[in-house]
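Participant: Mind having a look at this structure? Questions to follow.
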Amino acid sequence: STQSTEGSITMKHTTVISVLLFLSLHLLSLSQNAENLLNQADAAMKEANVDLAISLYSKAIQLSPSEVNSYYKRAAAYLTKGASKDALSDLNKVMTLKPDFTLALLRRGRLLLEMGEFSKSKTDLEAVKKQDPSNPHVDSLLAKLAEARDKSLQAEQIFAVKNFGVARDLLTEILSICKDSVSLRLMRAQCNFELGEWYTMIEDTTRALKVDSGNLKAYLLRGLAVFYTGDTENAIKLWQECLKYDPDNKACRDQFKKAKKLDKAVQKMEELKQTNRFADAIEAANDALSVDPKASNYNNNFRNSICSLYQKLHKAEKAVEACTTALQFDQNIENLLNRADAYMSLDDFDAAIGDYSKAQQQDNGNRRAHDGIHNAQRRKKMAERKDYYKILGVSKDAEPSQIKKAYRKLALQYHPDKLKSIQDEKEKEKMEKMFYDINEAHEVLSDPEKREKWDRGEDLNAQGGGGGGGFNPFQHFQNFGGQTFTFHF
């Protein structure tokens, strides 16, 4: 019985020793594997393969969770990627495992300063100074901390009174120190929102989301920035991402609905234009302009459309007004050409030439601008001539018989024999001139070839015929209705 008991104890001791030996060998194997992974990760970092390095450091941490260097090195890799929050998490773990790791404490203090965590950063940096009074970096970092903290308080006060330009410039100075401060970046993004600086907004919100991937305000502001640059599709995706984190987020939901509403407004306007319902299209565009005054990409489209649609409706005065408004926001060549065409309809040839010339400056090869200048100059010259149709009181498409009838009536009305009874010399001169003009008009308009050239704006005098080129105004009365007239002057 005694021998049996001793045997049993011996077997137990042997089993325990075997288990301990196995565990030791296993731990040694794990340690060796973790060390190999660390070496591979270090090699990946040297080759700038940061993602691979992070993956290998993470595997090493799984095998050896208490190894300080694995966390410290992974933190460095995260910082290389700009993943500040992940780096901070690893540095926190390092300080838990090894509170006297001065280099890690200094790195965390610097990182907290870059993230705008002034109080925590100061605590770490002062602790480093106690542990290593001769550290060459601490004093300069503490000075930067004091500067950034004071300026951030000033920026908040200036932002509160809506002096966005000054606040933006001050925040730019602070962000040279606190590059990973999400709150400061989003404050500058809000300043740039008010100032209409969309691309700087995109830079700030991109950085903010890199540091804090779940920041809803960053999603909202980045969505606004890309939306106002005309990228509606990506803006909607960003607001949808925001709503995934928080389905009840009112700001993201409102912007999402606004973007959809503007898209529908564009679609409605285009459909009305396609069916030639131009007046309805103008109404739809005007309604859409009130949806979001900052949505310049959409609003320029609406204003430009209103400009062209009034021209299509032959409402020249309205077209000039609409195109002038559109040009205040968008110096679009089509707006210039449409306004020029409207000016032509109003016989304002100088204004038309001005707009056609500006359009030609934008696009020297633009045929519409080139032809417009030529046509406006021709019509201006025609407008400065006597209007033969107006003189005879007939329309531009009058038949020859109508022209002849009008001429006879006016010729009798202003017949030189009637001058004898007029005492007023000025009135006589007026009638003489009118009689001369009547005959001049008749000579041109009664001749099909001359009339055609006249209608085209050609100079008949320069071609040696008609149009007042020395003809006898009385020649038509030599056999007028079978009668001979005697003129007394």
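Every chain in the structure tokens takes a letter, A first, then B, and so on in the order presented; its residues are numbered from 1, and the ligands are numbered from 1 following the presented order.
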Taking only stretch 38-221 of chain A into account, list the residues labelled helix (DSSP H, G or I) by DSSP (computed from the backbone), as JSON, numbers by chain.
Facilitator: {"A": [38, 39, 40, 41, 42, 43, 44, 45, 46, 50, 51, 52, 53, 54, 55, 56, 57, 58, 59, 60, 61, 62, 63, 68, 69, 70, 71, 72, 73, 74, 75, 76, 77, 78, 79, 80, 81, 84, 85, 86, 87, 88, 89, 90, 91, 92, 93, 94, 95, 96, 97, 102, 103, 104, 105, 106, 107, 108, 109, 110, 111, 112, 113, 114, 118, 119, 120, 121, 122, 123, 124, 125, 126, 127, 128, 129, 130, 131, 138, 139, 140, 141, 142, 143, 144, 145, 146, 147, 148, 149, 150, 151, 152, 153, 154, 155, 156, 157, 158, 159, 160, 164, 165, 166, 167, 168, 169, 170, 171, 172, 173, 174, 175, 182, 183, 184, 185, 186, 187, 188, 189, 190, 191, 192, 193, 194, 195, 198, 199, 200, 201, 202, 203, 204, 205, 206, 207, 208, 209, 210, 211, 216, 217, 218, 219, 220, 221]}
Participant: So that I can check the surroundings of A:Cys252, please list as an mmCIF file with C-alpha atoms, in the first residue's frame every protein, DNA and RNA residue that reaches within 12 Å of it, counting only C-alpha atoms and ignoring chain neighbours fewer than 4 positions away.
Facilitator:
```cif
data_model
loop_
_atom_site.group_PDB
_atom_site.id
_atom_site.type_symbol
_atom_site.label_atom_id
_atom_site.label_comp_id
_atom_site.auth_asym_id
_atom_site.auth_seq_id
_atom_site.Cartn_x
_atom_site.Cartn_y
_atom_site.Cartn_z
ATOM 1 C CA LEU A 216 -20.029 62.546 -37.758
ATOM 2 C CA LYS A 217 -19.280 66.261 -37.991
ATOM 3 C CA ALA A 218 -16.374 65.458 -40.311
ATOM 4 C CA TYR A 219 -18.695 63.396 -42.535
ATOM 5 C CA LEU A 220 -21.204 66.261 -42.624
ATOM 6 C CA LEU A 221 -18.636 68.926 -43.504
ATOM 7 C CA ARG A 222 -16.753 66.793 -46.004
ATOM 8 C CA GLY A 223 -20.067 65.980 -47.708
ATOM 9 C CA LEU A 224 -20.863 69.698 -47.948
ATOM 10 C CA ALA A 235 -21.486 63.862 -51.107
ATOM 11 C CA ILE A 236 -24.539 61.612 -50.851
ATOM 12 C CA LYS A 237 -22.281 58.634 -50.028
ATOM 13 C CA LEU A 238 -20.642 60.581 -47.193
ATOM 14 C CA TRP A 239 -23.990 61.592 -45.696
ATOM 15 C CA GLN A 240 -25.207 58.016 -46.002
ATOM 16 C CA GLU A 241 -22.089 56.895 -44.129
ATOM 17 C CA CYS A 242 -22.884 59.450 -41.437
ATOM 18 C CA LEU A 243 -26.424 58.059 -41.171
ATOM 19 C CA LYS A 244 -25.053 54.512 -40.813
ATOM 20 C CA TYR A 245 -23.303 55.624 -37.623
ATOM 21 C CA ASP A 246 -26.318 57.617 -36.465
ATOM 22 C CA PRO A 247 -29.622 57.112 -38.357
ATOM 23 C CA ASP A 248 -31.175 60.009 -36.410
ATOM 24 C CA PHE A 256 -29.010 64.250 -47.977
ATOM 25 C CA LYS A 257 -32.617 65.320 -48.697
ATOM 26 C CA LYS A 258 -31.497 68.707 -50.046
ATOM 27 C CA ALA A 259 -29.104 67.090 -52.526
#
```
Participant: What's the 8 Å shell around stretch 404-419 of chain A, counting only C-alpha atoms, without same-chain residues fewer than 6 positions away, as a PyMOL selection string?
Facilitator: chain A and resi 392-394+428+431-432+434-435+438-439+442+446+487-489
Participant: How would the residues just chosen look if you wrote them out with N, CA and C atoms as a compact mmCIF listing (two decimals), in the first residue's frame?
Facilitator:
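After the write, selection.txt holds the following:
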```txt
# COMPACT_ATOMS: atom_id res chain seq x y z
N LEU A 392 -41.52 105.16 -96.44
CA LEU A 392 -42.72 104.91 -97.26
C LEU A 392 -43.88 104.35 -96.44
N GLY A 393 -43.57 104.00 -95.18
CA GLY A 393 -44.65 103.49 -94.32
C GLY A 393 -45.11 102.10 -94.68
N VAL A 394 -44.18 101.26 -95.17
CA VAL A 394 -44.53 99.88 -95.54
C VAL A 394 -43.66 98.91 -94.74
N LYS A 428 -40.79 124.43 -94.90
CA LYS A 428 -40.50 124.20 -96.31
C LYS A 428 -39.32 123.24 -96.47
N MET A 431 -40.31 119.68 -95.71
CA MET A 431 -41.09 119.04 -96.77
C MET A 431 -40.22 118.70 -97.98
N GLU A 432 -39.27 119.64 -98.30
CA GLU A 432 -38.36 119.36 -99.40
C GLU A 432 -37.54 118.11 -99.13
N MET A 434 -38.33 115.67 -97.09
CA MET A 434 -39.19 114.50 -97.09
C MET A 434 -39.47 114.06 -98.52
N PHE A 435 -39.68 114.99 -99.39
CA PHE A 435 -39.95 114.67 -100.78
C PHE A 435 -38.73 113.98 -101.42
N ILE A 438 -38.55 110.42 -100.03
CA ILE A 438 -39.58 109.56 -100.60
C ILE A 438 -39.12 109.02 -101.96
N ASN A 439 -38.60 109.89 -102.76
CA ASN A 439 -38.14 109.47 -104.08
C ASN A 439 -36.92 108.56 -104.02
N HIS A 442 -38.11 105.20 -102.97
CA HIS A 442 -38.80 104.53 -104.06
C HIS A 442 -37.82 104.00 -105.10
N SER A 446 -38.10 100.00 -105.43
CA SER A 446 -38.82 99.59 -106.63
C SER A 446 -37.93 98.80 -107.59
N PHE A 487 -43.33 122.35 -111.73
CA PHE A 487 -42.96 122.66 -110.34
C PHE A 487 -42.53 124.10 -110.23
N HIS A 488 -42.95 124.73 -109.20
CA HIS A 488 -42.58 126.13 -108.92
C HIS A 488 -41.84 126.19 -107.61
N PHE A 489 -40.66 126.77 -107.64
CA PHE A 489 -39.82 126.86 -106.42
C PHE A 489 -39.62 128.32 -106.04
```
Participant: Go through A:Ser181, A:Asn276, A:Thr232, A:Gln154 one by one, measure the shortest atom-to-atom distance of each to A:Arg207 using only C-alpha atoms, and give the residue with the smallest value.
Facilitator: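 Ranking A:Ser181, A:Asn276, A:Thr232, A:Gln154 by distance to A:Arg207, first place goes to A:Ser181.
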Participant: Compare A:Gln331, A:Ala322, A:Glu233, A:His374 by their minimum atom-to-atom distance to A:Met344, counting only C-alpha atoms, and give me the closest one.
Facilitator: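 Once distances to A:Met344 are computed over only C-alpha atoms, the minimum belongs to A:His374.
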Participant: Could you check the closest approach to A:Ser84 for each of A:Lys46, A:Lys162, A:Lys250, A:Lys179 and tell me which residue wins, using only C-alpha atoms?
Facilitator: A:Lys179
Participant: Quick one, how far is atom CA of A:Glu194 from atom CA of A:Phe164?
Facilitator: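 That distance, rounded to one decimal, is 7.1 Å.
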